[in-house]
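Visitor: Take a look at this one; I'll ask things after.
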Amino acid sequence: MSERIGVYVCHCGTNIAGKVDIDKVVEFAKGLDDVTLVREYKFMCSDPGQSLIQKDIEDGLINRVVVASCSPLMHEKTFRNVCTRGGLNEYLFAMANIREQCSWVHVDEAQTTEKAKDLIEASVRRVALQVPLTKREVPINPQTLVIGGGIAGIQAALDLADAGKKVILIEKEPSIGGHMAKFDKTFPTLDCSACILTPKMVSVGQHENIELLSWSEVEDISGYVGNFNIKIRKKARYVDAELCNGCGACWEKCPGTRVPRKGNVHEKLSLGPTTSIYMPFMQAVPAIPVIDTETCIRFKNGKCGICAAVCERNAIKYDMEDEIVEFEVGNIILATGFQTFDPEPVKRYGYGRFDNVMTAIEFEIMNCASGNTGGKILMADGKEPKSIGIVHCVGSRDKHYNEYCSRVCCMYALKYSHLIKEKIDAEVYEFYIDLRCFGKGYEEFYDRLLGEDVRFVRGKVAEVTEVPIEEAEKGKLVVEVEDTLVGMVRRIPLDMVVLCTGLEAHESLPDVAGLCSVSIGKDGFVIEKHPKLGPVATATDGVFIAGCCQSPKDIPDTVAQASAASSAVLSMITREKIEIESATASVDEDKCSGCKLCNSLCPYLAIKYDEEKGVSVVNEALCKGCGTCAAGCPSNAISAKHFEDRQIFAEIKGILSA
Amino acid sequence: MKYTYYPGCSVKATANLYQESIDSVMPSFGVELEELEDWNCCGATAYMSVKELMSFAISARNLAMAEKFHRDVVTPCSACYLVLNKTNHYFNDYPDMRKKLGIALEAGGLSYSGNIRVRHLLDVMVNDVGFEKISEAATSKLEGLNIAPYYGCQIVRPFYYGCGACSDSEDAFDDPDDPICMDRLIEATGATSVKYSMKTKCCGSSLMGTEEKQALKLCRGLLADAENNGAHCIVTICPLCQMNLDIYQPKVNSLFGTKFNIPVIYFTQLIGLAMGKKPEELGLNKLAVKMTEPMKQILQGA
C-alpha cells in the first residue's frame with residue numbers, strides 16, 4: 001500500500017520565505033512519490049498552521065506528515081503533538097530543517113531553494129519508511145536523593161521535605177553547612193552567615209521527611225529516572241550517634257592534634273576544636289563529634305582512650321566500621337559545591353612561603369566569631385596588622401589556571417575591606433582587574449566602600465616579595481603591581497596579604513557525576529541541559545543540579561537554583577509517571593554473538609549481558625536511543641528504532657537525488 | 001653530543017671570558033659545539049620592538065642555515081635564546097609571518113621549515129649532561145662557598161607552559177617563577193646555593209645604555225638580596241646580566257652609597273673551578289669585581 005504523505009512548507013515570516021522560493025518548493029514537493037498533498041503557510045507552528053495539519057489527518061487525506069520549517073530542537077515536539085491529536089502515531093512524522101540548515105546560512109537564493117528541495121525530498125523518502133512506535137511510561141519513586149549538604153543541598157532538601165516528600169540528604173563531612181558555615185558575614189547586606197544558616201541546618205536535622213546522612217559518601221548509583229538504586233557508605237564516626245549528646249567532654253580532654261599547632265596563629269585556623277576527636281564547628285548538625293583516625297593517638301598506637309574514659313554515655317566506639325546502606329529514589333539533586341583554588345603553585349604570590357599571605361577562606365575563618373582567633377584579625381605572630389592588601393583573581397581569569405571568572409571574589413573582597421575597616425581600621429588595598437558588582441545591592445555596596453577609605457588599585461599583582469628596596473619596605477610584604485590607572489609600577493609595603501582564591505568544582509564531583517552519567521565541562525563544572533533554558537536539569541533525566549557544581553555562584557543564586565531544582569523534582573514527582581523515549585535500541589537475539597562490545601560502548605549503561613541467553617539486552621528505560629551500540633555492533637545485531645538503516649539510507653538518497 | 005653552536009655577539013666581545021670558560025669546560029663533558037658558519041646577530045631583544053619583521057628575518061636566517069645539520073641549536077646567551085625561540089614561535093604559529101619570513105629567506109637563497117629546536121647551554125648541561133656527571137667532574141670541593149644562582153628574566157619566560165606563547169612546550173625546562181636547575185647544578189659542584197627571592201628578576205638589561213639610573217636601581221636590588229642572604233658570589237648564565245652586575249657594581253656603590261663587593265661569574269666558570277681549573281684558564285682574571293679573599297680561601301683550601 002502506498003503511503004499518503006502530506007508536506008507542509010513554512011515561511012517562518014521572512015525567515016525562510018526571504019531566501020527560499022516557496023512556490024517552487026511546493027511545486028517540487030507535489031511531484032515526489034507518495035506525496036498526496038502539499039500546503040504552505042506563513043507560520044506552521046501557529047494555531048491555524050497546526051490546525052491545517054490536524055484537519056488533513058482527521059479527514060483521512062494523509063497518513064504521514066513532513067513539516068519543512070525550523071530545527072527539530074525548536075518544534076519537533078509541537079508537530080508530533082499535532083499528529084497525536086489528529087490520531088496519527090507521532091513517529092510517522094519527519095521534519096525538514098530548511099531554516100537553521102538552509103535559509104539562515106546561505107546567501108544565494110536559487111541555491112538555497114535547491115537545498116530546501118533536497119532536504120524535503122530526504123524527509124519525504126524517510127517518512128515513508130518510518131514505523132509507528134509506542135510510548136511507554138514508568139512510575140516515579142517520590143523519594144529524592146540530595147548529594148551535598150551545603151546551602152544548595154539544604155535548601156533543596158527543605159523545599160522538598162516541606163512539600164511532604166521524603167528526602168535523603170547525604171554529606172561527606174561530619175556536619176552539614178558547607179562553606180557558608182565558615183563565613184562570618186555575607187555580602188552585601190552584612191547579615192551574619194551563621195544566623196541565617198543555622199536555623200535551616202536545625203530544620204534539616206529535625207525534619208521528619210529528611211533522612212540526614214552526614215559523614216557519608218555515595219558508593220554507587222544505578223537505575224534510571226524515577227527508579228534509581230543508591231548505595232551509600234556511612235563512614236565510621238567512632239561515636240555512637242544514638243548515645244552521644246554532644247557534651248564536648250571528649251574533645252576537651254583529647255590530647256591528639258588534628259590541626260597543626262606550631263605557635264603560629266595562622267597555622268591553627270579552625271572553627272571547631274583542633275583536637276583529634278572534634279566537631280567541625282560548634283553549631284554542627286548533627287552535633288556529634290568524629291574521630292580523625294589520621295591523628296588519633298589511639299588509632300596510631302592503641303595507647304590512648306581518654307575520650308572513651310571521659311564519655312559519660314559510653315558513646316565512643318573504637319571498633320565501629322563503615323556501613324553500606326541502600327535506598328531507592330526517583331530523582332537526584334547534585335549539590336556537591338566547590339573548593340577554593342590552591343594558590344601554592346602561583347609561586348610569585350608567596351603562599352606557603354610567607355606567614356602573612358593567606359587565602360580568602362583562611363581569612364574568612366579568622367574573621368568568624370566562632371573561629372579560634374575569636375574573629376580577631378591577627379598576623380602570624382599574633383599582632384594586629386596595620387595594613388592589608390587584597391589580591392583579586394588568584395586562579396581565576398587566568399589562562400594558566402582557570403579561565404573563568406569565579407563571580408564571588410570581588411564581592412567578598414569588598415566585604416573583607418569593610419570588616420577590616422570596622423574591626424581594626426587598618427589601611428586596606430584592593431588590587432583588582434575589574435570590579436564585577438553585578439547583583440542586587442552589590443554596586444551600592446561598592447559605592448559605600450569607596451567612602452570608607454579603601455584604596456582601590458586597578459592592576460594584576462605581579463608579585464608579593466619580602467625583599468625591600470626602600471627603607472619603609474623592611475620587614476614588610478611588598479606587593480608589586482602595575483597601577484593601570486596611574487600608568488606606573490607601584491611597590492606597596494603591607495603587613496598582610498589576602499589572596500582571593502577562585503572557586504573550582506569540588507574534587508569529588510567527577511566521581512559522583514560519573515555515577516550519575518552526567519558530563520563535566522572543560523572548566524570542571526557539570527554541563528547543564530541547556531545553558532539558558534535548562535540550567536537545573538542535566539542530559540540525564542532525573543538528575544538535577546544546584547549551586548556551585550554547575551558554576552561558581554553566590555548564596556542568593558545558589559539558593560535560587562536549589563529551589564528551582566527542587567521544584568523541577570516536585571514537578572516530576574507530581575506527574576507520578578514519566579514517558580520514556582521510544583526510539584531505543586533493540587538487539588536481534590538471533591544475530592547477537594554475545595561479544596559484549598556494546599555493554600562498554602553504551603554511555604548510559606543501558607546494555608547488560610544476559611548470562612543465561614548469552615546475548616546482550618537493552619534496558620529500554622535507560623536507553624536514550626543515541627545509536628552508539630548500533631554503529632558499534634560487529635554483527636549488525638543491534639538496530640536503533642526510528643533510526644533504522646533503511647530509513648537513513650532513504651534519507652541520504654533523498655539528499656543526493658537532485 | 002654534538003650541537004650547532006650559536007655564540008651570539010656578546011661572547012665574542014665583552015663576554016669573551018664566558019667563551020673562554022666554555023671552551024675550557026665543555027670538551028670534558030663530551031659536549032661538542034660546532035659553531036654555525038656565517039651566523040649573524042639575532043637582533044637582541046631591543047631590535048624586535050623597533051622593526052619586528054626585520055628582526056625576525058635576520059634571526060630566522062640563522063635558524064634556516066642551522067636546519068641542514070638536523071641538530072639542536074645551542075646558545076650561551078639568554079637574549080639569543082629568547083629571540084631565536086620567539087622567532088620560531090612566530091614562524092610556526094602565525095601563517096602570515098611565516099609567509100613573509102619565507103619570502104625574506106628566499107631572497108637570500110634560504111628556506112626554513114620551522115623544525116629547529118633552540119636551547120640554552122644551561123639546559124644542555126643540566127638535562128643532557130646531567131647533575132651526576134657534573135658532580136663526578138667536580139673534584140675540587142667547593143664546600144663552604146655560598147652562591148646565589150641568578151637566572152635572569154629571559155631564560156624561563158615567556159617560553160614556558162603550553163600557553164600559546166610557545167607552540168612547543170618542550171622548550172621549557174624549568175619553572176618560570178621558581179627555577180631550580182641552577183640551584184641543583186651549584187649543589188652538584190659541592191657549593192651551597194643561596195635561596196633568595198630575586199633570582200629571576202631583571203638586571204636592567206640594555207636599559208643601562210638609556211636609563212642608567214633605573215637599571216642601576218634594579219642591580220642594587222639584586223646585589224642586596226644576594227648579599228643579605230649570605231652569598232659569596234653570584235653565578236649567572238647571561239652575558240648582559242653578568243656585565244651589568246659586574247662592571248656596573250662600583251657605579252651602584254657610588255650612586256646608592258652601598259659597599260657591594262660580590263664577584264659575578266658564569267656557570268661555566270663555576271664548573272671549571274669545581275674541576276680544579278686555573279682561574280686564568282676560565283677567564284676569571286677578566287672580572288671587574290675580583291674574586292674576594294673568602295672566596296680565594298675556599299678555593300685554595302680545596
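By convention here, the chains of the C-alpha cells are called A, B, ... in the order presented, each chain's residues are numbered starting at 1, and ligands are numbered starting at 1 in the order presented.
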Would you tabulate, counting only C-alpha atoms, all residues of chain A that have an atom at most 8 Å from an atom of chain B, showing the closest pair of atoms and their distance in Å to one decimal, sorted by chain then ascending number, as CSV?
Guide:
```
residue,atom,partner,partner_atom,distance
A:Val346,CA,B:Asp177,CA,7.8
A:Lys347,CA,B:Asp177,CA,6.0
A:Arg348,CA,B:Asp177,CA,6.1
A:Lys399,CA,B:Cys163,CA,7.6
A:His400,CA,B:Cys163,CA,7.1
A:Thr465,CA,B:Ser197,CA,7.2
A:Glu466,CA,B:Ser197,CA,7.8
A:Val467,CA,B:Asp225,CA,6.6
A:Pro468,CA,B:Gly221,CA,7.9
A:Ile469,CA,B:Gly221,CA,6.1
```
Visitor: Would you list the contacts of region 22-33 of chain A as number ranges by chain, taking every protein, DNA or RNA residue within 12 Å and counting only C-alpha atoms, but skipping same-chain residues closer than 3 positions in sequence?
Guide: A: 2-19, 36-42, 66-69, 98, 103, 109-128, 654, 657-658
Visitor: Please return, as a PyMOL selection string, all residues of region 42-281 of chain B that DSSP assigns to helix (DSSP H, G or I) on the basis of the backbone.
Guide: chain B and resi 44-48+52-67+78-93+95-107+121-129+131-137+169-171+181-188+197-200+207-210+212-228+239-247+249-256+267-274+279-281
Visitor: Please report the interatomic distance between CA of Arg117 (chain B) and CA of Pro345 (chain A) in Å with one decimal.
Guide: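 Separation between CA of Arg117 (chain B) and CA of Pro345 (chain A): 27.7 Å.
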Visitor: Set the distance at 10 Å and use only C-alpha atoms: which residues neighbour Ala562 (chain A) once local chain neighbours fewer than 2 positions away are removed? I'd like the list as a ChimeraX atom specification.
Guide: /A:151-159,333-335,536,544-547,556-560,564-568
Visitor: Those same residues - N, CA and C atoms - I'd like them written as an mmCIF file, in the first residue's frame.
Guide:
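Resulting contents of out00.cif:
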```cif
data_model
loop_
_atom_site.group_PDB
_atom_site.id
_atom_site.type_symbol
_atom_site.label_atom_id
_atom_site.label_comp_id
_atom_site.auth_asym_id
_atom_site.auth_seq_id
_atom_site.Cartn_x
_atom_site.Cartn_y
_atom_site.Cartn_z
ATOM 1 N N ILE A 151 24.626 24.955 51.456
ATOM 2 C CA ILE A 151 23.375 25.723 51.413
ATOM 3 C C ILE A 151 22.496 25.259 50.254
ATOM 4 N N ALA A 152 23.100 24.848 49.135
ATOM 5 C CA ALA A 152 22.305 24.388 47.993
ATOM 6 C C ALA A 152 21.515 23.129 48.357
ATOM 7 N N GLY A 153 22.215 22.150 48.904
ATOM 8 C CA GLY A 153 21.568 20.888 49.271
ATOM 9 C C GLY A 153 20.548 21.081 50.380
ATOM 10 N N ILE A 154 20.886 21.948 51.332
ATOM 11 C CA ILE A 154 19.974 22.212 52.454
ATOM 12 C C ILE A 154 18.669 22.803 51.929
ATOM 13 N N GLN A 155 18.806 23.826 51.064
ATOM 14 C CA GLN A 155 17.612 24.492 50.535
ATOM 15 C C GLN A 155 16.747 23.513 49.730
ATOM 16 N N ALA A 156 17.396 22.749 48.850
ATOM 17 C CA ALA A 156 16.648 21.813 48.005
ATOM 18 C C ALA A 156 15.937 20.774 48.871
ATOM 19 N N ALA A 157 16.645 20.260 49.885
ATOM 20 C CA ALA A 157 16.066 19.231 50.749
ATOM 21 C C ALA A 157 14.874 19.791 51.517
ATOM 22 N N LEU A 158 15.021 21.008 52.037
ATOM 23 C CA LEU A 158 13.922 21.593 52.816
ATOM 24 C C LEU A 158 12.702 21.870 51.947
ATOM 25 N N ASP A 159 12.941 22.372 50.729
ATOM 26 C CA ASP A 159 11.818 22.641 49.825
ATOM 27 C C ASP A 159 11.009 21.375 49.590
ATOM 28 N N ILE A 333 19.380 15.186 43.175
ATOM 29 C CA ILE A 333 19.871 16.564 43.021
ATOM 30 C C ILE A 333 21.342 16.585 43.423
ATOM 31 N N LEU A 334 22.169 16.985 42.478
ATOM 32 C CA LEU A 334 23.602 17.103 42.752
ATOM 33 C C LEU A 334 23.870 18.490 43.308
ATOM 34 N N ALA A 335 24.460 18.564 44.481
ATOM 35 C CA ALA A 335 24.787 19.865 45.071
ATOM 36 C C ALA A 335 26.134 19.719 45.766
ATOM 37 N N VAL A 536 18.912 23.855 35.482
ATOM 38 C CA VAL A 536 18.944 22.968 36.651
ATOM 39 C C VAL A 536 18.857 21.497 36.269
ATOM 40 N N PHE A 544 19.322 16.364 38.639
ATOM 41 C CA PHE A 544 19.274 17.825 38.609
ATOM 42 C C PHE A 544 20.479 18.391 39.349
ATOM 43 N N ILE A 545 20.754 19.681 39.109
ATOM 44 C CA ILE A 545 21.927 20.291 39.731
ATOM 45 C C ILE A 545 21.558 21.587 40.434
ATOM 46 N N ALA A 546 22.300 21.861 41.498
ATOM 47 C CA ALA A 546 22.074 23.104 42.226
ATOM 48 C C ALA A 546 23.395 23.599 42.794
ATOM 49 N N GLY A 547 23.610 24.885 42.713
ATOM 50 C CA GLY A 547 24.765 25.502 43.357
ATOM 51 C C GLY A 547 26.027 25.425 42.535
ATOM 52 N N PRO A 556 22.743 33.948 47.090
ATOM 53 C CA PRO A 556 21.395 34.142 46.515
ATOM 54 C C PRO A 556 21.153 33.289 45.266
ATOM 55 N N ASP A 557 22.126 33.257 44.373
ATOM 56 C CA ASP A 557 21.956 32.470 43.148
ATOM 57 C C ASP A 557 21.879 30.976 43.454
ATOM 58 N N THR A 558 22.680 30.543 44.422
ATOM 59 C CA THR A 558 22.694 29.134 44.795
ATOM 60 C C THR A 558 21.333 28.718 45.345
ATOM 61 N N VAL A 559 20.803 29.552 46.230
ATOM 62 C CA VAL A 559 19.511 29.237 46.838
ATOM 63 C C VAL A 559 18.425 29.223 45.768
ATOM 64 N N ALA A 560 18.498 30.187 44.845
ATOM 65 C CA ALA A 560 17.503 30.238 43.773
ATOM 66 C C ALA A 560 17.570 28.970 42.932
ATOM 67 N N ALA A 564 14.869 26.014 42.402
ATOM 68 C CA ALA A 564 14.445 25.646 41.049
ATOM 69 C C ALA A 564 14.596 24.141 40.835
ATOM 70 N N ALA A 565 15.698 23.582 41.326
ATOM 71 C CA ALA A 565 15.932 22.149 41.165
ATOM 72 C C ALA A 565 14.873 21.354 41.919
ATOM 73 N N SER A 566 14.559 21.810 43.148
ATOM 74 C CA SER A 566 13.582 21.050 43.918
ATOM 75 C C SER A 566 12.210 21.172 43.277
ATOM 76 N N SER A 567 11.930 22.327 42.665
ATOM 77 C CA SER A 567 10.620 22.444 42.024
ATOM 78 C C SER A 567 10.565 21.580 40.765
ATOM 79 N N ALA A 568 11.676 21.456 40.071
ATOM 80 C CA ALA A 568 11.716 20.556 38.912
ATOM 81 C C ALA A 568 11.475 19.116 39.363
#
```
Visitor: Near Lys278 (chain B), within 12 Å and counting only C-alpha atoms, which residues show up once chain neighbours fewer than 6 positions away are dropped, as a PDB file with C-alpha atoms, in the first residue's frame?
Guide:
```pdb
ATOM      1  CA  GLU B  20      86.980  31.035  27.387  1.00  0.00           C
ATOM      2  CA  SER B  21      85.328  29.067  30.159  1.00  0.00           C
ATOM      3  CA  SER B  24      87.794  25.075  28.647  1.00  0.00           C
ATOM      4  CA  VAL B  25      84.997  23.110  30.253  1.00  0.00           C
ATOM      5  CA  SER B 140      87.782  20.252  43.850  1.00  0.00           C
ATOM      6  CA  GLN B 269      83.377  29.274  35.217  1.00  0.00           C
ATOM      7  CA  LEU B 270      81.923  27.755  38.361  1.00  0.00           C
ATOM      8  CA  ILE B 271      82.038  24.282  36.851  1.00  0.00           C
ATOM      9  CA  GLY B 272      85.643  24.953  35.771  1.00  0.00           C
ATOM     10  CA  LEU B 284      88.209  34.774  35.784  1.00  0.00           C
ATOM     11  CA  ASN B 285      91.086  37.238  35.653  1.00  0.00           C
ATOM     12  CA  LYS B 296      90.003  32.540  47.298  1.00  0.00           C
ATOM     13  CA  LEU B 299      89.121  27.672  46.526  1.00  0.00           C
ATOM     14  CA  GLN B 300      92.675  27.259  47.794  1.00  0.00           C
TER      15      GLN B 300
END
```
Visitor: Fewer than 5 positions away in the same chain doesn't count, so skip those; otherwise give me all residues within 7 Å of region 52-58 of chain B, counting only C-alpha atoms, as a list of chain:residue names.
Guide: B:Cys42, B:Gly43, B:Tyr47, B:Thr87, B:Leu101, B:Ala104
Visitor: Show which residues sit within 9 Å of Ser586 (chain A), as JSON, numbers by chain. Count only C-alpha atoms, and ignore same-chain residues fewer than 5 positions away.
Guide: {"A": [617, 618, 620, 630, 637, 638, 639, 640, 641]}
Visitor: Name the residues of region 49-278 of chain B that fall into strand (DSSP E or B) according to DSSP on the backbone, using the chain letters and numbers of this document, as a list in words.
Guide: Val73, Val74, Thr75, Val118, Arg119, His120, Asn146, Ile147, Ala148, Pro149, Tyr150, Thr192, Ser193, Cys233, Ile234, Val235, Thr236, Val264, Ile265 and Tyr266 of chain B
Visitor: Please provide the set of residues having any atom within 10 Å of region 438-452 of chain A, restricted to only C-alpha atoms, with same-chain residues fewer than 4 positions apart removed, written as a list in words.
Guide: Phe187, Pro188, Thr189, Leu190, Arg407, Cys410, Met411, Leu414, Lys415, Ser417, His418, Lys421, Glu422, Asp425, Val428, Phe456, Asp554, Pro556 and Asp557 of chain A
Visitor: Give me a file of those residues, with N, CA and C atoms, as a CSV table (one decimal), in the first residue's frame.
Guide:
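Here's the written file part-v8.csv:
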```
chain,number,residue,atom,x,y,z
A,187,PHE,N,27.9,39.1,52.0
A,187,PHE,CA,27.8,40.4,51.2
A,187,PHE,C,26.4,40.4,50.6
A,188,PRO,N,25.9,41.5,50.2
A,188,PRO,CA,26.3,42.9,50.5
A,188,PRO,C,25.6,43.4,51.8
A,189,THR,N,24.7,42.6,52.3
A,189,THR,CA,23.8,43.1,53.4
A,189,THR,C,24.5,43.0,54.8
A,190,LEU,N,25.7,42.2,54.8
A,190,LEU,CA,26.4,42.0,56.0
A,190,LEU,C,25.6,41.4,57.1
A,407,ARG,N,33.2,34.9,40.1
A,407,ARG,CA,31.9,35.6,40.3
A,407,ARG,C,31.7,36.1,41.8
A,410,CYS,N,35.1,39.4,43.9
A,410,CYS,CA,35.0,40.8,44.0
A,410,CYS,C,34.2,41.2,45.2
A,411,MET,N,33.1,40.6,45.4
A,411,MET,CA,32.2,41.0,46.5
A,411,MET,C,32.7,40.5,47.8
A,414,LEU,N,35.4,43.0,48.8
A,414,LEU,CA,34.8,44.2,49.3
A,414,LEU,C,34.3,44.1,50.7
A,415,LYS,N,33.7,42.9,51.0
A,415,LYS,CA,33.3,42.6,52.4
A,415,LYS,C,34.4,42.6,53.3
A,417,SER,N,37.2,44.3,53.1
A,417,SER,CA,37.7,45.6,53.3
A,417,SER,C,36.8,46.3,54.4
A,418,HIS,N,35.5,46.0,54.2
A,418,HIS,CA,34.6,46.6,55.2
A,418,HIS,C,34.9,46.1,56.6
A,421,LYS,N,38.1,47.5,58.0
A,421,LYS,CA,37.9,48.9,58.5
A,421,LYS,C,37.1,48.9,59.8
A,422,GLU,N,36.1,48.1,59.9
A,422,GLU,CA,35.3,48.1,61.1
A,422,GLU,C,36.0,47.5,62.3
A,425,ASP,N,40.5,49.1,61.6
A,425,ASP,CA,40.8,50.3,60.9
A,425,ASP,C,42.2,50.3,60.3
A,428,VAL,N,43.7,49.5,53.9
A,428,VAL,CA,43.3,48.4,53.0
A,428,VAL,C,43.5,48.7,51.6
A,456,PHE,N,41.7,51.5,46.1
A,456,PHE,CA,41.5,50.6,45.0
A,456,PHE,C,42.6,50.8,44.0
A,554,ASP,N,27.1,32.9,43.9
A,554,ASP,CA,27.0,33.4,45.3
A,554,ASP,C,25.8,32.7,46.0
A,556,PRO,N,22.7,33.9,47.1
A,556,PRO,CA,21.4,34.1,46.5
A,556,PRO,C,21.2,33.3,45.3
A,557,ASP,N,22.1,33.3,44.4
A,557,ASP,CA,22.0,32.5,43.1
A,557,ASP,C,21.9,31.0,43.5
```
Visitor: Closest to Ile361 (chain A) among A:Glu137, A:Asp21, A:Glu326, A:Asp342, using only C-alpha atoms?
Guide: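 For Ile361 (chain A), the nearest of the candidates is A:Asp342.
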Visitor: Work out how far apart CA of Asp123 (chain B) and CA of Ser59 (chain B) are and give it in Å to one decimal.
Guide: 20.7 Å
Visitor: What separation in Å, quoted to one decimal, exists between CA of Pro72 (chain A) and CA of Ile527 (chain A)?
Guide: 21.5 Å
